[in-house]
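Participant: The structure's right below; bear with me while I get my questions together.
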Amino acid sequence: MSISTIRADGELKEYYERKVAEGKNKMLVINNVRNKLIHRICACVKNDKLYEKRNVA
């Protein structure tokens, strides 16, 4: 799921590309993306709500 997320356009793809450009290990960044996805999914289940992307400007 994390690999699919990185391939799709979105904020986590931008996060992945930014961290790799900073010189971070690719597998480390993939694990970070995986962790972010898990936290978002658990929050949705806990709060019984659908995921809503927040626009932070």
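Naming scheme: A, B, ... for chains in displayed order of the structure tokens; residues 1 onward per chain; ligands 1 onward as shown.
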Which residues come within 12 Å of Arg7 (chain A), counting only C-alpha atoms, excluding same-chain residues fewer than 5 positions away, as a list of chain:residue names?
Facilitator: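 Residues meeting the cut-off are A:Met1, A:Ser2, A:Leu12, A:Lys13, A:Glu14, A:Tyr15, A:Tyr16, A:Glu17, A:Ile30, A:Val33.
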Participant: Between CA of Met27 (chain A) and CA of Tyr51 (chain A), what is the distance in Å, rounded to a tenth?
Facilitator: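 Atom-to-atom, CA of Met27 (chain A) and CA of Tyr51 (chain A) are spaced 25.7 Å apart.
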Participant: For Lys53 (chain A), work out the shell of residues within 12 Å, counting only C-alpha atoms and skipping chain neighbours fewer than 5 positions away, then give it as a VMD selection string.
Facilitator: chain A and resid 10 to 12 40 44
Participant: Give me, as an MDAnalysis selection string, the residues of chain A that a backbone DSSP run labels helix (DSSP H, G or I).
Facilitator: chainID A and resid 2:7 11:21 26:47
Participant: Could those residues be written to a file, using N, CA and C atoms, as a compact mmCIF listing (two decimals), in the first residue's frame?
Facilitator:
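What follows is the written file again_33.txt:
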```txt
# COMPACT_ATOMS: atom_id res chain seq x y z
N SER A 2 1.97 1.22 0.72
CA SER A 2 2.83 2.40 0.77
C SER A 2 3.48 2.66 -0.59
N ILE A 3 3.84 1.59 -1.32
CA ILE A 3 4.43 1.75 -2.64
C ILE A 3 3.41 2.37 -3.60
N SER A 4 2.17 1.92 -3.53
CA SER A 4 1.11 2.48 -4.38
C SER A 4 0.88 3.95 -4.05
N THR A 5 0.95 4.28 -2.79
CA THR A 5 0.77 5.66 -2.36
C THR A 5 1.88 6.54 -2.89
N ILE A 6 3.10 6.03 -2.88
CA ILE A 6 4.25 6.80 -3.37
C ILE A 6 4.15 7.01 -4.88
N ARG A 7 3.62 6.05 -5.60
CA ARG A 7 3.49 6.16 -7.05
C ARG A 7 2.39 7.12 -7.47
N GLU A 11 0.24 14.17 -1.42
CA GLU A 11 1.15 14.73 -0.43
C GLU A 11 2.19 13.73 0.06
N LEU A 12 1.86 12.44 0.12
CA LEU A 12 2.84 11.46 0.57
C LEU A 12 3.89 11.18 -0.50
N LYS A 13 3.52 11.31 -1.76
CA LYS A 13 4.51 11.20 -2.84
C LYS A 13 5.50 12.35 -2.74
N GLU A 14 4.99 13.55 -2.51
CA GLU A 14 5.85 14.73 -2.35
C GLU A 14 6.76 14.57 -1.13
N TYR A 15 6.20 14.03 -0.05
CA TYR A 15 6.99 13.77 1.16
C TYR A 15 8.13 12.80 0.85
N TYR A 16 7.81 11.70 0.15
CA TYR A 16 8.80 10.69 -0.19
C TYR A 16 9.92 11.30 -1.04
N GLU A 17 9.53 12.02 -2.08
CA GLU A 17 10.52 12.61 -2.97
C GLU A 17 11.40 13.63 -2.25
N ARG A 18 10.81 14.42 -1.37
CA ARG A 18 11.56 15.43 -0.62
C ARG A 18 12.58 14.78 0.30
N LYS A 19 12.17 13.72 1.01
CA LYS A 19 13.07 13.05 1.95
C LYS A 19 14.20 12.32 1.23
N VAL A 20 13.90 11.69 0.09
CA VAL A 20 14.94 11.01 -0.69
C VAL A 20 15.93 12.04 -1.24
N ALA A 21 15.41 13.21 -1.67
CA ALA A 21 16.29 14.27 -2.16
C ALA A 21 17.19 14.81 -1.06
N LYS A 26 15.92 5.17 1.00
CA LYS A 26 14.58 4.98 0.42
C LYS A 26 13.70 4.07 1.27
N MET A 27 14.28 3.00 1.80
CA MET A 27 13.48 2.08 2.63
C MET A 27 13.04 2.75 3.92
N LEU A 28 13.87 3.60 4.48
CA LEU A 28 13.50 4.35 5.68
C LEU A 28 12.29 5.24 5.40
N VAL A 29 12.32 5.91 4.27
CA VAL A 29 11.22 6.81 3.92
C VAL A 29 9.95 6.02 3.62
N ILE A 30 10.09 4.85 2.98
CA ILE A 30 8.92 4.00 2.73
C ILE A 30 8.30 3.56 4.05
N ASN A 31 9.13 3.22 5.03
CA ASN A 31 8.61 2.86 6.35
C ASN A 31 7.92 4.04 7.01
N ASN A 32 8.44 5.24 6.81
CA ASN A 32 7.79 6.44 7.36
C ASN A 32 6.42 6.65 6.73
N VAL A 33 6.34 6.45 5.40
CA VAL A 33 5.06 6.58 4.70
C VAL A 33 4.08 5.53 5.22
N ARG A 34 4.56 4.31 5.40
CA ARG A 34 3.73 3.23 5.93
C ARG A 34 3.18 3.61 7.31
N ASN A 35 4.03 4.17 8.14
CA ASN A 35 3.62 4.57 9.48
C ASN A 35 2.57 5.68 9.42
N LYS A 36 2.75 6.65 8.53
CA LYS A 36 1.77 7.72 8.38
C LYS A 36 0.41 7.17 7.94
N LEU A 37 0.44 6.21 7.00
CA LEU A 37 -0.81 5.59 6.55
C LEU A 37 -1.51 4.86 7.69
N ILE A 38 -0.75 4.11 8.46
CA ILE A 38 -1.32 3.37 9.58
C ILE A 38 -1.97 4.31 10.59
N HIS A 39 -1.29 5.41 10.90
CA HIS A 39 -1.84 6.37 11.85
C HIS A 39 -3.13 6.99 11.34
N ARG A 40 -3.16 7.30 10.04
CA ARG A 40 -4.38 7.89 9.47
C ARG A 40 -5.53 6.90 9.48
N ILE A 41 -5.26 5.64 9.13
CA ILE A 41 -6.30 4.62 9.12
C ILE A 41 -6.83 4.37 10.52
N CYS A 42 -5.93 4.25 11.49
CA CYS A 42 -6.35 4.01 12.88
C CYS A 42 -7.18 5.18 13.41
N ALA A 43 -6.81 6.40 13.05
CA ALA A 43 -7.58 7.57 13.50
C ALA A 43 -8.98 7.54 12.90
N CYS A 44 -9.09 7.15 11.65
CA CYS A 44 -10.42 7.07 11.02
C CYS A 44 -11.28 6.00 11.69
N VAL A 45 -10.69 4.85 11.99
CA VAL A 45 -11.44 3.77 12.63
C VAL A 45 -11.83 4.19 14.05
N LYS A 46 -10.89 4.77 14.78
CA LYS A 46 -11.15 5.18 16.17
C LYS A 46 -12.28 6.20 16.25
N ASN A 47 -12.26 7.18 15.32
CA ASN A 47 -13.26 8.24 15.34
C ASN A 47 -14.49 7.92 14.50
```
